[in-house]
file target.csv (CSV, C-alpha atoms)
chain,number,residue,atom,x,y,z
H,1,MET,CA,9.1,14.2,-32.9
H,2,ASN,CA,10.1,15.5,-29.4
H,3,ARG,CA,12.9,14.2,-27.2
H,4,VAL,CA,11.3,13.0,-23.9
H,5,ALA,CA,13.2,12.2,-20.7
H,6,ILE,CA,11.4,9.9,-18.2
H,7,ILE,CA,13.1,9.7,-14.8
H,8,GLY,CA,12.3,6.3,-13.3
H,9,ALA,CA,11.4,2.9,-14.9
H,10,GLY,CA,8.8,1.8,-12.5
H,11,ALA,CA,5.1,1.2,-13.2
H,12,SER,CA,4.2,4.7,-14.2
H,13,GLY,CA,7.4,5.4,-16.1
H,14,LEU,CA,7.1,2.2,-18.2
H,15,VAL,CA,3.6,2.8,-19.3
H,16,CYS,CA,4.4,6.5,-19.9
H,17,ALA,CA,7.3,5.5,-22.1
H,18,ILE,CA,5.2,3.1,-24.2
H,19,GLU,CA,2.5,5.7,-24.8
H,20,ALA,CA,5.0,8.4,-25.6
H,21,ALA,CA,6.8,6.2,-28.0
H,22,ARG,CA,3.5,5.2,-29.7
H,23,LYS,CA,3.2,8.9,-30.5
H,24,ALA,CA,6.5,8.8,-32.3
H,25,HIS,CA,8.5,10.7,-29.6
H,26,GLN,CA,12.1,9.9,-29.0
H,27,VAL,CA,12.0,8.5,-25.5
H,28,THR,CA,14.9,8.0,-23.0
H,29,VAL,CA,14.2,6.4,-19.6
H,30,PHE,CA,16.7,6.9,-16.8
H,31,GLU,CA,16.8,4.2,-14.1
H,32,LYS,CA,19.3,4.1,-11.3
H,33,ASN,CA,18.8,0.4,-10.7
H,34,SER,CA,20.2,-2.4,-12.8
H,35,LYS,CA,16.7,-3.6,-13.7
H,36,VAL,CA,13.4,-2.0,-14.5
H,37,GLY,CA,10.2,-2.4,-12.4
H,38,ARG,CA,11.8,-3.7,-9.2
H,39,LYS,CA,8.9,-2.5,-7.1
H,40,ILE,CA,6.4,-4.1,-9.5
H,41,LEU,CA,8.2,-7.4,-8.9
H,42,ALA,CA,7.5,-7.1,-5.1
H,43,THR,CA,3.8,-6.3,-5.3
H,44,GLY,CA,1.2,-8.8,-4.3
H,45,ASN,CA,3.8,-11.0,-2.7
H,46,GLY,CA,5.5,-11.5,-6.0
H,47,ARG,CA,2.2,-12.1,-7.8
H,48,CYS,CA,1.6,-8.4,-8.8
H,49,ASN,CA,-1.8,-7.1,-7.8
H,50,ILE,CA,-2.2,-5.2,-11.1
H,51,SER,CA,-5.5,-3.5,-10.4
H,52,ASN,CA,-8.9,-4.0,-8.9
H,53,GLU,CA,-12.4,-4.4,-10.3
H,54,ASN,CA,-13.7,-1.6,-8.0
H,55,ILE,CA,-11.6,1.4,-9.1
H,56,THR,CA,-13.3,4.6,-7.9
H,57,LEU,CA,-12.1,8.0,-6.9
H,58,SER,CA,-13.2,7.3,-3.3
H,59,ARG,CA,-10.4,4.8,-2.9
H,60,TYR,CA,-7.7,7.5,-3.2
H,61,HIS,CA,-6.4,10.0,-0.7
H,62,GLY,CA,-4.3,13.1,-0.4
H,63,GLU,CA,-4.7,16.9,-0.1
H,64,ALA,CA,-6.5,17.0,-3.5
H,65,PRO,CA,-7.4,13.4,-4.5
H,66,HIS,CA,-9.9,14.7,-7.1
H,67,ALA,CA,-6.8,15.4,-9.3
H,68,ALA,CA,-6.7,11.7,-10.0
H,69,LYS,CA,-10.2,11.8,-11.6
H,70,GLU,CA,-9.1,12.3,-15.3
H,71,ALA,CA,-6.4,9.6,-15.1
H,72,LEU,CA,-8.9,7.1,-13.6
H,73,ARG,CA,-11.5,8.1,-16.2
H,74,ARG,CA,-9.1,7.6,-19.1
H,75,PHE,CA,-7.6,4.4,-17.7
H,76,ASP,CA,-10.4,2.5,-15.8
H,77,THR,CA,-10.4,-1.2,-15.0
H,78,SER,CA,-11.8,-2.1,-18.4
H,79,THR,CA,-9.1,-0.1,-20.2
H,80,CYS,CA,-6.5,-1.6,-17.9
H,81,LYS,CA,-7.5,-5.2,-18.7
H,82,ALA,CA,-7.6,-4.4,-22.5
H,83,TYR,CA,-4.2,-2.7,-22.3
H,84,PHE,CA,-2.4,-5.6,-20.7
H,85,ARG,CA,-4.2,-8.2,-22.8
H,86,ALA,CA,-3.0,-6.3,-25.9
H,87,LEU,CA,0.6,-6.7,-24.5
H,88,GLY,CA,0.0,-10.4,-24.3
H,89,LEU,CA,-0.9,-10.7,-20.6
H,90,GLU,CA,-4.0,-12.4,-19.3
H,91,MET,CA,-5.5,-11.6,-15.9
H,92,ARG,CA,-7.4,-13.4,-13.2
H,93,GLU,CA,-9.6,-12.1,-10.4
H,94,GLY,CA,-8.7,-12.8,-6.8
H,95,GLU,CA,-10.3,-11.9,-3.5
H,96,GLU,CA,-12.1,-8.6,-3.1
H,97,GLY,CA,-11.8,-7.7,-6.8
H,98,ARG,CA,-8.0,-7.9,-6.9
H,99,LEU,CA,-6.6,-8.5,-10.4
H,100,TYR,CA,-3.4,-10.6,-10.9
H,101,PRO,CA,-1.6,-11.9,-14.0
H,102,MET,CA,-2.8,-15.4,-14.9
H,103,SER,CA,0.8,-16.5,-14.7
H,104,HIS,CA,0.9,-15.8,-11.0
H,105,GLN,CA,4.2,-14.0,-11.6
H,106,ALA,CA,4.9,-10.3,-11.3
H,107,SER,CA,7.9,-10.9,-13.7
H,108,SER,CA,5.4,-11.5,-16.5
H,109,VAL,CA,4.1,-8.0,-16.1
H,110,VAL,CA,7.5,-6.4,-16.2
H,111,ASP,CA,8.6,-8.6,-19.1
H,112,MET,CA,5.6,-7.6,-21.3
H,113,LEU,CA,6.0,-3.9,-20.6
H,114,LEU,CA,9.8,-4.0,-21.2
H,115,HIS,CA,9.3,-5.9,-24.5
H,116,GLU,CA,6.7,-3.5,-25.7
H,117,ALA,CA,8.8,-0.4,-24.8
H,118,ARG,CA,11.9,-1.8,-26.5
H,119,SER,CA,10.0,-2.8,-29.6
H,120,LEU,CA,8.9,0.8,-29.9
H,121,GLY,CA,12.4,2.1,-29.7
H,122,VAL,CA,12.5,3.3,-26.1
H,123,HIS,CA,16.0,3.8,-24.9
H,124,PHE,CA,16.8,2.6,-21.4
H,125,CYS,CA,19.7,4.0,-19.4
H,126,LEU,CA,20.1,1.5,-16.6
H,127,GLU,CA,22.3,2.0,-13.6
H,128,CYS,CA,22.2,5.7,-14.5
H,129,GLU,CA,21.3,8.0,-11.7
H,130,VAL,CA,20.0,11.4,-12.5
H,131,THR,CA,21.7,14.0,-10.2
H,132,GLU,CA,20.1,17.2,-11.5
H,133,ILE,CA,17.4,18.5,-13.8
H,134,LYS,CA,17.8,22.0,-15.1
H,135,LYS,CA,15.7,24.2,-17.3
H,136,ASP,CA,17.5,25.9,-20.2
H,137,GLY,CA,15.2,28.1,-22.1
H,138,ALA,CA,12.5,25.8,-23.5
H,139,ALA,CA,14.6,22.7,-22.9
H,140,PHE,CA,15.4,20.4,-20.0
H,141,VAL,CA,19.0,19.4,-19.3
H,142,VAL,CA,19.2,16.1,-17.5
H,143,HIS,CA,22.5,15.5,-15.6
H,144,THR,CA,23.9,12.1,-14.6
H,145,LYS,CA,27.3,11.3,-13.1
H,146,GLU,CA,28.6,10.5,-16.6
H,147,GLN,CA,27.0,13.1,-18.9
H,148,LYS,CA,24.2,15.6,-19.5
H,149,GLN,CA,21.5,15.4,-22.2
H,150,THR,CA,19.0,17.9,-23.5
H,151,PHE,CA,15.2,17.1,-23.9
H,152,ASP,CA,12.1,18.9,-25.0
H,153,ALA,CA,10.0,17.4,-22.2
H,154,CYS,CA,10.7,15.8,-18.9
H,155,VAL,CA,8.6,13.3,-16.9
H,156,ILE,CA,9.4,12.7,-13.2
H,157,ALA,CA,8.2,9.2,-12.4
H,158,THR,CA,10.7,8.4,-9.6
H,159,GLY,CA,8.2,6.9,-7.1
H,160,SER,CA,8.4,7.7,-3.4
H,161,VAL,CA,10.6,6.9,-0.4
H,162,ALA,CA,8.7,3.7,0.4
H,163,MET,CA,10.7,0.4,0.4
H,164,PRO,CA,14.2,1.9,0.0
H,165,PRO,CA,15.7,-1.6,-0.2
H,166,LEU,CA,14.1,-1.8,-3.7
H,167,GLY,CA,15.9,1.4,-4.7
H,168,SER,CA,13.3,4.0,-3.7
H,169,SER,CA,14.6,7.4,-2.7
H,170,GLY,CA,13.4,11.0,-2.3
H,171,SER,CA,15.1,12.1,-5.6
H,172,GLY,CA,11.8,13.0,-7.2
H,173,TYR,CA,10.8,15.3,-4.4
H,174,SER,CA,14.2,17.0,-4.7
H,175,PHE,CA,13.8,17.5,-8.4
H,176,ALA,CA,10.3,18.8,-7.9
H,177,LYS,CA,11.4,21.4,-5.3
H,178,ALA,CA,14.4,22.5,-7.5
H,179,LEU,CA,12.0,23.1,-10.3
H,180,GLY,CA,9.7,25.2,-8.1
H,181,HIS,CA,7.1,22.8,-6.9
H,182,ASN,CA,5.8,22.2,-3.4
H,183,VAL,CA,6.0,18.8,-1.8
H,184,ILE,CA,3.6,17.6,0.9
H,185,GLU,CA,5.8,15.9,3.5
H,186,PRO,CA,5.6,12.2,2.9
H,187,TYR,CA,4.7,9.6,5.6
H,188,PRO,CA,4.3,5.8,5.4
H,189,SER,CA,1.0,4.3,4.3
H,190,LEU,CA,-0.1,0.6,3.9
H,191,VAL,CA,2.4,-0.3,6.6
H,192,GLN,CA,2.5,-2.6,9.7
H,193,PHE,CA,2.1,-1.6,13.3
H,194,ILE,CA,4.7,-2.0,16.1
H,195,SER,CA,3.5,-2.7,19.6
H,196,ASP,CA,5.2,-3.6,22.8
H,197,GLU,CA,2.1,-5.1,24.2
H,198,PRO,CA,3.0,-7.8,26.7
H,199,HIS,CA,2.7,-11.4,25.5
H,200,LEU,CA,1.8,-10.4,21.9
H,201,LYS,CA,4.6,-12.6,20.7
H,202,GLU,CA,2.6,-15.5,22.0
H,203,ALA,CA,0.3,-15.2,19.0
H,204,SER,CA,3.0,-14.5,16.4
H,205,GLY,CA,2.2,-16.1,13.0
H,206,VAL,CA,-1.6,-16.4,13.7
H,207,LYS,CA,-3.8,-15.0,10.9
H,208,VAL,CA,-7.5,-14.4,11.5
H,209,ASP,CA,-10.4,-12.5,10.0
H,210,ALA,CA,-11.1,-9.7,12.5
H,211,GLY,CA,-12.7,-6.4,13.0
H,212,VAL,CA,-10.3,-3.5,13.6
H,213,GLU,CA,-11.2,-0.2,15.2
H,214,LEU,CA,-8.6,2.5,15.1
H,215,TYR,CA,-8.5,5.1,17.9
H,216,ILE,CA,-6.6,8.3,17.8
H,217,ASP,CA,-6.2,10.0,21.2
H,218,ASN,CA,-9.0,7.7,22.4
H,219,GLN,CA,-11.4,8.8,19.6
H,220,LYS,CA,-12.6,6.2,17.2
H,221,ARG,CA,-11.5,7.2,13.7
H,222,GLN,CA,-11.9,4.1,11.5
H,223,SER,CA,-13.4,0.7,11.5
H,224,VAL,CA,-12.7,-2.1,9.1
H,225,GLN,CA,-12.8,-5.9,8.8
H,226,GLY,CA,-10.3,-8.2,7.1
H,227,ASP,CA,-7.2,-10.2,7.5
H,228,LEU,CA,-5.3,-9.6,10.7
H,229,LEU,CA,-1.8,-11.1,11.3
H,230,PHE,CA,-0.1,-11.2,14.7
H,231,THR,CA,3.7,-10.8,14.4
H,232,ALA,CA,6.7,-10.8,16.7
H,233,TYR,CA,6.8,-7.0,16.4
H,234,GLY,CA,3.1,-6.2,16.4
H,235,LEU,CA,0.3,-6.4,13.9
H,236,SER,CA,0.0,-6.8,10.1
H,237,GLY,CA,-2.5,-8.0,7.5
H,238,SER,CA,-4.8,-6.2,5.1
H,239,ALA,CA,-7.1,-4.8,7.9
H,240,ILE,CA,-4.1,-3.1,9.5
H,241,LEU,CA,-2.8,-1.8,6.2
H,242,ASP,CA,-6.3,-0.3,5.6
H,243,VAL,CA,-6.1,1.9,8.7
H,244,SER,CA,-2.3,2.6,8.7
H,245,ARG,CA,-2.5,5.8,6.7
H,246,THR,CA,-4.6,7.5,9.4
H,247,ALA,CA,-2.4,6.1,12.1
H,248,SER,CA,0.8,7.2,10.4
H,249,LYS,CA,-0.5,10.7,10.1
H,250,ALA,CA,-1.4,10.7,13.8
H,251,PHE,CA,2.1,9.7,14.7
H,252,VAL,CA,3.5,12.6,12.6
H,253,GLU,CA,1.2,14.9,14.6
H,254,GLY,CA,2.3,13.4,18.0
H,255,GLU,CA,-1.0,11.7,18.8
H,256,ARG,CA,-1.6,8.5,20.6
H,257,VAL,CA,-2.8,5.4,18.7
H,258,HIS,CA,-4.4,2.2,19.7
H,259,VAL,CA,-6.6,-0.5,18.1
H,260,VAL,CA,-9.5,-2.5,19.4
H,261,LEU,CA,-9.8,-6.0,17.8
H,262,ASP,CA,-12.8,-8.2,17.4
H,263,LEU,CA,-11.3,-11.6,16.9
H,264,LEU,CA,-14.7,-13.3,16.3
H,265,PRO,CA,-16.6,-10.7,14.2
H,266,THR,CA,-19.3,-13.2,13.1
H,267,LEU,CA,-20.4,-13.7,16.7
H,268,SER,CA,-22.1,-11.2,18.9
H,269,ARG,CA,-21.0,-10.9,22.6
H,270,GLU,CA,-24.2,-12.6,23.6
H,271,ALA,CA,-23.8,-15.5,21.1
H,272,LEU,CA,-20.1,-16.0,22.2
H,273,THR,CA,-21.1,-16.0,25.8
H,274,SER,CA,-23.8,-18.6,25.1
H,275,LEU,CA,-21.3,-20.7,23.2
H,276,LEU,CA,-18.7,-20.6,25.9
H,277,GLN,CA,-21.3,-21.5,28.5
H,278,LYS,CA,-22.4,-24.5,26.4
H,279,ARG,CA,-18.8,-25.6,26.1
H,280,MET,CA,-18.5,-25.9,29.9
H,281,SER,CA,-20.1,-29.3,29.5
H,282,ILE,CA,-16.8,-30.5,27.8
H,283,ALA,CA,-14.5,-28.5,30.0
H,284,LYS,CA,-13.7,-31.2,32.6
H,285,GLU,CA,-10.1,-32.5,32.4
H,286,LYS,CA,-9.2,-30.0,29.6
H,287,SER,CA,-6.7,-27.3,30.2
H,288,LEU,CA,-8.0,-23.8,29.5
H,289,SER,CA,-5.7,-23.6,26.5
H,290,LEU,CA,-7.0,-26.8,25.0
H,291,TRP,CA,-10.6,-25.8,25.7
H,292,LEU,CA,-10.1,-22.5,23.9
H,293,GLU,CA,-8.4,-24.3,21.0
H,294,GLY,CA,-11.8,-25.6,19.9
H,295,ILE,CA,-12.6,-22.1,18.9
H,296,ILE,CA,-9.3,-20.3,18.1
H,297,PRO,CA,-5.7,-21.2,17.1
H,298,LYS,CA,-3.5,-22.6,19.8
H,299,LYS,CA,-1.1,-19.6,19.8
H,300,LEU,CA,-4.0,-17.2,20.1
H,301,ALA,CA,-5.4,-19.2,23.0
H,302,HIS,CA,-2.2,-18.8,24.9
H,303,PHE,CA,-2.1,-15.1,24.2
H,304,ILE,CA,-5.8,-14.6,25.4
H,305,ILE,CA,-5.0,-16.5,28.6
H,306,GLN,CA,-2.0,-14.3,29.3
H,307,ASN,CA,-3.9,-11.1,28.3
H,308,THR,CA,-6.8,-11.9,30.6
H,309,LYS,CA,-4.4,-13.0,33.4
H,310,LEU,CA,-6.2,-16.4,33.7
H,311,GLY,CA,-3.0,-18.4,33.6
H,312,HIS,CA,-3.6,-19.6,37.1
H,313,ILE,CA,-6.7,-21.6,35.9
H,314,LYS,CA,-5.3,-25.0,35.1
H,315,GLU,CA,-8.6,-26.6,34.1
H,316,ALA,CA,-11.4,-25.0,32.0
H,317,SER,CA,-14.1,-26.4,34.3
H,318,MET,CA,-12.8,-23.9,37.0
H,319,LEU,CA,-14.1,-21.0,35.0
H,320,GLY,CA,-16.9,-18.9,36.5
H,321,ALA,CA,-19.2,-16.3,35.1
H,322,LYS,CA,-16.6,-13.5,35.8
H,323,GLU,CA,-13.8,-15.4,34.0
H,324,ILE,CA,-16.0,-16.1,31.0
H,325,LYS,CA,-16.9,-12.5,30.8
H,326,LYS,CA,-13.2,-11.6,30.7
H,327,ILE,CA,-12.6,-14.1,27.9
H,328,VAL,CA,-15.5,-12.7,25.9
H,329,PHE,CA,-14.2,-9.2,26.3
H,330,ALA,CA,-10.7,-10.2,25.1
H,331,PHE,CA,-12.3,-11.9,22.0
H,332,LYS,CA,-14.6,-9.0,21.2
H,333,ALA,CA,-12.7,-5.9,22.4
H,334,LEU,CA,-9.0,-6.6,22.6
H,335,ARG,CA,-7.1,-3.3,23.1
H,336,ILE,CA,-3.6,-3.2,21.6
H,337,ASP,CA,-1.6,0.0,22.1
H,338,ILE,CA,0.5,1.0,19.0
H,339,HIS,CA,3.7,3.0,19.5
H,340,ALA,CA,4.9,3.2,15.9
H,341,THR,CA,4.6,1.9,12.3
H,342,LYS,CA,7.3,-0.1,10.5
H,343,GLY,CA,8.1,3.1,8.6
H,344,PHE,CA,9.2,3.7,5.1
H,345,GLU,CA,11.4,0.5,5.1
H,346,SER,CA,8.2,-1.7,5.1
H,347,ALA,CA,5.5,0.7,3.7
H,348,GLU,CA,4.0,-0.3,0.4
H,349,VAL,CA,3.4,3.3,-0.5
H,350,CYS,CA,3.7,6.8,0.9
H,351,ALA,CA,1.1,9.4,1.6
H,352,GLY,CA,2.2,12.9,0.6
H,353,GLY,CA,4.4,13.9,-2.4
H,354,VAL,CA,4.4,16.5,-5.1
H,355,ASP,CA,1.4,18.8,-4.6
H,356,VAL,CA,-1.1,17.9,-7.3
H,357,ARG,CA,-2.8,21.3,-7.0
H,358,GLU,CA,0.1,22.8,-8.9
H,359,LEU,CA,-0.5,20.4,-11.9
H,360,ASP,CA,-3.1,20.5,-14.6
H,361,ALA,CA,-5.3,17.5,-13.7
H,362,LYS,CA,-6.1,17.0,-17.4
H,363,ASN,CA,-2.6,15.9,-18.3
H,364,LEU,CA,-0.5,16.1,-15.0
H,365,MET,CA,1.7,18.8,-16.5
H,366,SER,CA,3.2,21.5,-14.3
H,367,GLN,CA,1.3,24.7,-14.2
H,368,LYS,CA,4.6,26.4,-13.4
H,369,MET,CA,6.8,25.0,-16.1
H,370,LYS,CA,5.6,23.9,-19.6
H,371,ASN,CA,6.5,20.3,-20.6
H,372,LEU,CA,7.3,19.2,-17.1
H,373,TYR,CA,5.1,16.3,-16.0
H,374,PHE,CA,4.8,14.1,-13.0
H,375,CYS,CA,3.2,10.6,-12.7
H,376,GLY,CA,2.9,7.7,-10.2
H,377,GLU,CA,3.7,7.5,-6.6
H,378,VAL,CA,5.8,10.7,-6.5
H,379,LEU,CA,2.5,12.5,-6.5
H,380,ASP,CA,0.5,13.3,-3.4
H,381,ILE,CA,-2.1,10.7,-4.3
H,382,ASP,CA,-2.2,7.3,-2.6
H,383,GLY,CA,-4.7,4.5,-2.7
H,384,ASP,CA,-6.2,1.8,-0.5
H,385,CYS,CA,-4.7,-1.7,-0.3
H,386,GLY,CA,-5.8,-4.0,-3.1
H,387,GLY,CA,-4.2,-2.9,-6.4
H,388,PHE,CA,-5.4,0.7,-6.2
H,389,ASN,CA,-1.9,2.2,-6.1
H,390,LEU,CA,-0.5,0.2,-8.9
H,391,HIS,CA,-3.6,1.0,-11.0
H,392,PHE,CA,-3.0,4.8,-10.4
H,393,ALA,CA,0.6,4.3,-11.5
H,394,TRP,CA,-0.5,2.8,-14.8
H,395,ALA,CA,-3.3,5.3,-15.2
H,396,SER,CA,-1.2,8.4,-14.5
H,397,GLY,CA,1.6,7.1,-16.7
H,398,TYR,CA,-0.9,6.5,-19.5
H,399,LEU,CA,-2.4,10.0,-19.2
H,400,VAL,CA,1.0,11.7,-19.3
H,401,GLY,CA,2.3,9.5,-22.1
H,402,GLN,CA,-0.8,10.3,-24.3
H,403,SER,CA,-0.6,14.0,-23.4
H,404,LEU,CA,3.0,14.5,-24.5
call {"tool": "encode", "arguments": {"input": "target.csv", "output": "structure tokens"}}
result
Amino acid sequence: MNRVAIIGAGASGLVCAIEAARKAHQVTVFEKNSKVGRKILATGNGRCNISNENITLSRYHGEAPHAAKEALRRFDTSTCKAYFRALGLEMREGEEGRLYPMSHQASSVVDMLLHEARSLGVHFCLECEVTEIKKDGAAFVVHTKEQKQTFDACVIATGSVAMPPLGSSGSGYSFAKALGHNVIEPYPSLVQFISDEPHLKEASGVKVDAGVELYIDNQKRQSVQGDLLFTAYGLSGSAILDVSRTASKAFVEGERVHVVLDLLPTLSREALTSLLQKRMSIAKEKSLSLWLEGIIPKKLAHFIIQNTKLGHIKEASMLGAKEIKKIVFAFKALRIDIHATKGFESAEVCAGGVDVRELDAKNLMSQKMKNLYFCGEVLDIDGDCGGFNLHFAWASGYLVGQSL
């Protein structure tokens, strides 16, 4: 039996603790918050997007994303389903392969994990912040404000700096650096965009299916389609989150960012032009806003009118070919300049983190220090929106726990 310290009681730390305890190790989990799994509780809008039916290495990013290969092989979607079912949790499939607890509550996931860990004898030190980790011969000395304890192995599962209101901090990066590891500078990923585009607030609250093209210094870098949400500060929705990693990196490098939106991706420009021309037969005595409302939400109609500078047209029947062309362009190629992201405060995850090239991908143990392991979001591996990040947290915790 070995004494194992796990720093962090998030997704990866909890699964790691369970697997290590199943191997009869004496496991102590240090968590600075008063409860475990706070970030799990916030995922999927409180429903917990546990995983995805389409887990592949291509959905992960970083300087060396192939380092995730073994963890994803050992803990694939099928294994994930079986794992949680054995804990007593049933799953259901949502949109785009997303997997959620059948209870619709993230708290069910945390409760099942915590019950299993405690039943296996895992000791939790809550409201217990680790201040330092030192190596003393073959042992690790974990310091807290109250005491210090000695362990045979140490797992850093502290998460990233994303969502600091939930207790996230950069402590894991500091521990890694102090123990001789390189950290790729983190930046926000899966995060909303801020824009000071005039009149954008007109459309606040409108959600549509849209095509989104991301441009960096006027060069198209990414193209996706999905949910787009207009907000008072800018843009959100799954389509924006999907391109936010690339945009965040561009901001770090001082590059300019804008998006081009296709608000009616199911219609070609020609088809939309034809539709608008046909609708001229019902334009008489209708305001331009009301006329557009037959196609798009009222708030979005107001925004389009302001954006195209057609506010002077009081009745839709006054539209000519030139004005219709402007409306079509606004629907199909609406440019929105982005000047920032919402940052770490709102980011679901971070790109960057502990350099995985300094770890053994077979078990995520340090190549520099025996029995020092890393798992979860503290690593320089981040996934796409849709359950991919939480899945890697489970998978990496599972791999480390079984490797101890």
call {"tool": "residues_around", "arguments": {"input": "target.csv", "residues": "Ser223 in chain H", "least_positions_apart": "2", "cutoff": "9 Å", "atoms": "all atoms listed in the file", "output": "PDB file with C-alpha atoms, in the coordinates of the input"}}
result
ATOM      1  CA  GLY H 211     -12.700  -6.400  13.000  1.00  0.00           C
ATOM      2  CA  VAL H 212     -10.300  -3.500  13.600  1.00  0.00           C
ATOM      3  CA  GLU H 213     -11.200  -0.200  15.200  1.00  0.00           C
ATOM      4  CA  LEU H 214      -8.600   2.500  15.100  1.00  0.00           C
ATOM      5  CA  LYS H 220     -12.600   6.200  17.200  1.00  0.00           C
ATOM      6  CA  ARG H 221     -11.500   7.200  13.700  1.00  0.00           C
ATOM      7  CA  GLN H 225     -12.800  -5.900   8.800  1.00  0.00           C
ATOM      8  CA  VAL H 243      -6.100   1.900   8.700  1.00  0.00           C
TER       9      VAL H 243
END
call {"tool": "atom_distance", "arguments": {"input": "target.csv", "atom1": "CA of Leu179 in chain H", "atom2": "CA of Lys69 in chain H"}}
result
24.9 Å
call {"tool": "closest_residue", "arguments": {"input": "target.csv", "among": "H:Ile184, H:Leu364, H:Cys375, H:Leu87", "to": "Ala393 in chain H", "atoms": "only C-alpha atoms"}}
result
H:Cys375
call {"tool": "residues_around", "arguments": {"input": "target.csv", "residues": "range 160-172 of chain H", "least_positions_apart": "3", "cutoff": "10 Å", "atoms": "only C-alpha atoms", "output": "ChimeraX atom specification"}}
result
/H:7-8,31-34,37-42,129-132,156-157,175-178,183,186-191,343-354,374,376-380
call {"tool": "atom_distance", "arguments": {"input": "target.csv", "atom1": "CA of Lys322 in chain H", "atom2": "CA of Ile296 in chain H"}}
result
20.3 Å
call {"tool": "atom_distance", "arguments": {"input": "target.csv", "atom1": "CA of Phe151 in chain H", "atom2": "CA of Leu390 in chain H"}}
result
27.5 Å
call {"tool": "residues_around", "arguments": {"input": "target.csv", "residues": "Ala250 in chain H", "least_positions_apart": "2", "cutoff": "12 Å", "atoms": "only C-alpha atoms", "output": "list in words"}}
result
Tyr187, Pro188, Ser189, Leu214, Tyr215, Ile216, Asp217, Asn218, Gln219, Arg221, Val243, Ser244, Arg245, Thr246, Ala247, Ser248, Val252, Glu253, Gly254, Glu255, Arg256, Val257, His258, Ile338, His339, Ala340 and Thr341 of chain H
call {"tool": "write_last_selection", "arguments": {"input": "target.csv", "atoms": "C-alpha atoms", "output": "mmCIF file, keeping the file's coordinate frame"}}
result
data_model
loop_
_atom_site.group_PDB
_atom_site.id
_atom_site.type_symbol
_atom_site.label_atom_id
_atom_site.label_comp_id
_atom_site.auth_asym_id
_atom_site.auth_seq_id
_atom_site.Cartn_x
_atom_site.Cartn_y
_atom_site.Cartn_z
ATOM 1 C CA TYR H 187 4.700 9.600 5.600
ATOM 2 C CA PRO H 188 4.300 5.800 5.400
ATOM 3 C CA SER H 189 1.000 4.300 4.300
ATOM 4 C CA LEU H 214 -8.600 2.500 15.100
ATOM 5 C CA TYR H 215 -8.500 5.100 17.900
ATOM 6 C CA ILE H 216 -6.600 8.300 17.800
ATOM 7 C CA ASP H 217 -6.200 10.000 21.200
ATOM 8 C CA ASN H 218 -9.000 7.700 22.400
ATOM 9 C CA GLN H 219 -11.400 8.800 19.600
ATOM 10 C CA ARG H 221 -11.500 7.200 13.700
ATOM 11 C CA VAL H 243 -6.100 1.900 8.700
ATOM 12 C CA SER H 244 -2.300 2.600 8.700
ATOM 13 C CA ARG H 245 -2.500 5.800 6.700
ATOM 14 C CA THR H 246 -4.600 7.500 9.400
ATOM 15 C CA ALA H 247 -2.400 6.100 12.100
ATOM 16 C CA SER H 248 0.800 7.200 10.400
ATOM 17 C CA VAL H 252 3.500 12.600 12.600
ATOM 18 C CA GLU H 253 1.200 14.900 14.600
ATOM 19 C CA GLY H 254 2.300 13.400 18.000
ATOM 20 C CA GLU H 255 -1.000 11.700 18.800
ATOM 21 C CA ARG H 256 -1.600 8.500 20.600
ATOM 22 C CA VAL H 257 -2.800 5.400 18.700
ATOM 23 C CA HIS H 258 -4.400 2.200 19.700
ATOM 24 C CA ILE H 338 0.500 1.000 19.000
ATOM 25 C CA HIS H 339 3.700 3.000 19.500
ATOM 26 C CA ALA H 340 4.900 3.200 15.900
ATOM 27 C CA THR H 341 4.600 1.900 12.300
#
call {"tool": "residues_around", "arguments": {"input": "target.csv", "residues": "Leu334 in chain H", "least_positions_apart": "3", "cutoff": "6 Å", "atoms": "all atoms listed in the file", "output": "PyMOL selection string"}}
result
chain H and resi 260-261+330
call {"tool": "residues_near_point", "arguments": {"input": "target.csv", "point": "(-8.0, -8.9, 8.2)", "cutoff": "6 Å", "atoms": "only C-alpha atoms", "output": "list in words"}}
result
Asp209, Ala210, Gln225, Gly226, Asp227, Leu228, Gly237, Ser238 and Ala239 of chain H
call {"tool": "decode", "arguments": {"input": "target.csv", "residues": "range 226-243 of chain H", "atoms": "C-alpha atoms", "output": "mmCIF file, in the first residue's frame"}}
result
data_model
loop_
_atom_site.group_PDB
_atom_site.id
_atom_site.type_symbol
_atom_site.label_atom_id
_atom_site.label_comp_id
_atom_site.auth_asym_id
_atom_site.auth_seq_id
_atom_site.Cartn_x
_atom_site.Cartn_y
_atom_site.Cartn_z
ATOM 1 C CA GLY H 226 -24.231 25.840 -34.988
ATOM 2 C CA ASP H 227 -26.045 27.830 -32.309
ATOM 3 C CA LEU H 228 -25.311 31.543 -32.279
ATOM 4 C CA LEU H 229 -26.520 33.755 -29.433
ATOM 5 C CA PHE H 230 -26.536 37.537 -29.659
ATOM 6 C CA THR H 231 -25.835 39.175 -26.296
ATOM 7 C CA ALA H 232 -25.565 42.673 -24.860
ATOM 8 C CA TYR H 233 -21.764 42.359 -24.845
ATOM 9 C CA GLY H 234 -21.267 40.497 -28.137
ATOM 10 C CA LEU H 235 -21.666 36.896 -29.291
ATOM 11 C CA SER H 236 -22.055 33.509 -27.622
ATOM 12 C CA GLY H 237 -23.440 30.059 -28.453
ATOM 13 C CA SER H 238 -21.795 26.773 -29.388
ATOM 14 C CA ALA H 239 -20.635 28.041 -32.798
ATOM 15 C CA ILE H 240 -18.727 30.886 -31.133
ATOM 16 C CA LEU H 241 -17.242 28.579 -28.502
ATOM 17 C CA ASP H 242 -16.043 26.284 -31.302
ATOM 18 C CA VAL H 243 -13.904 29.025 -32.854
#
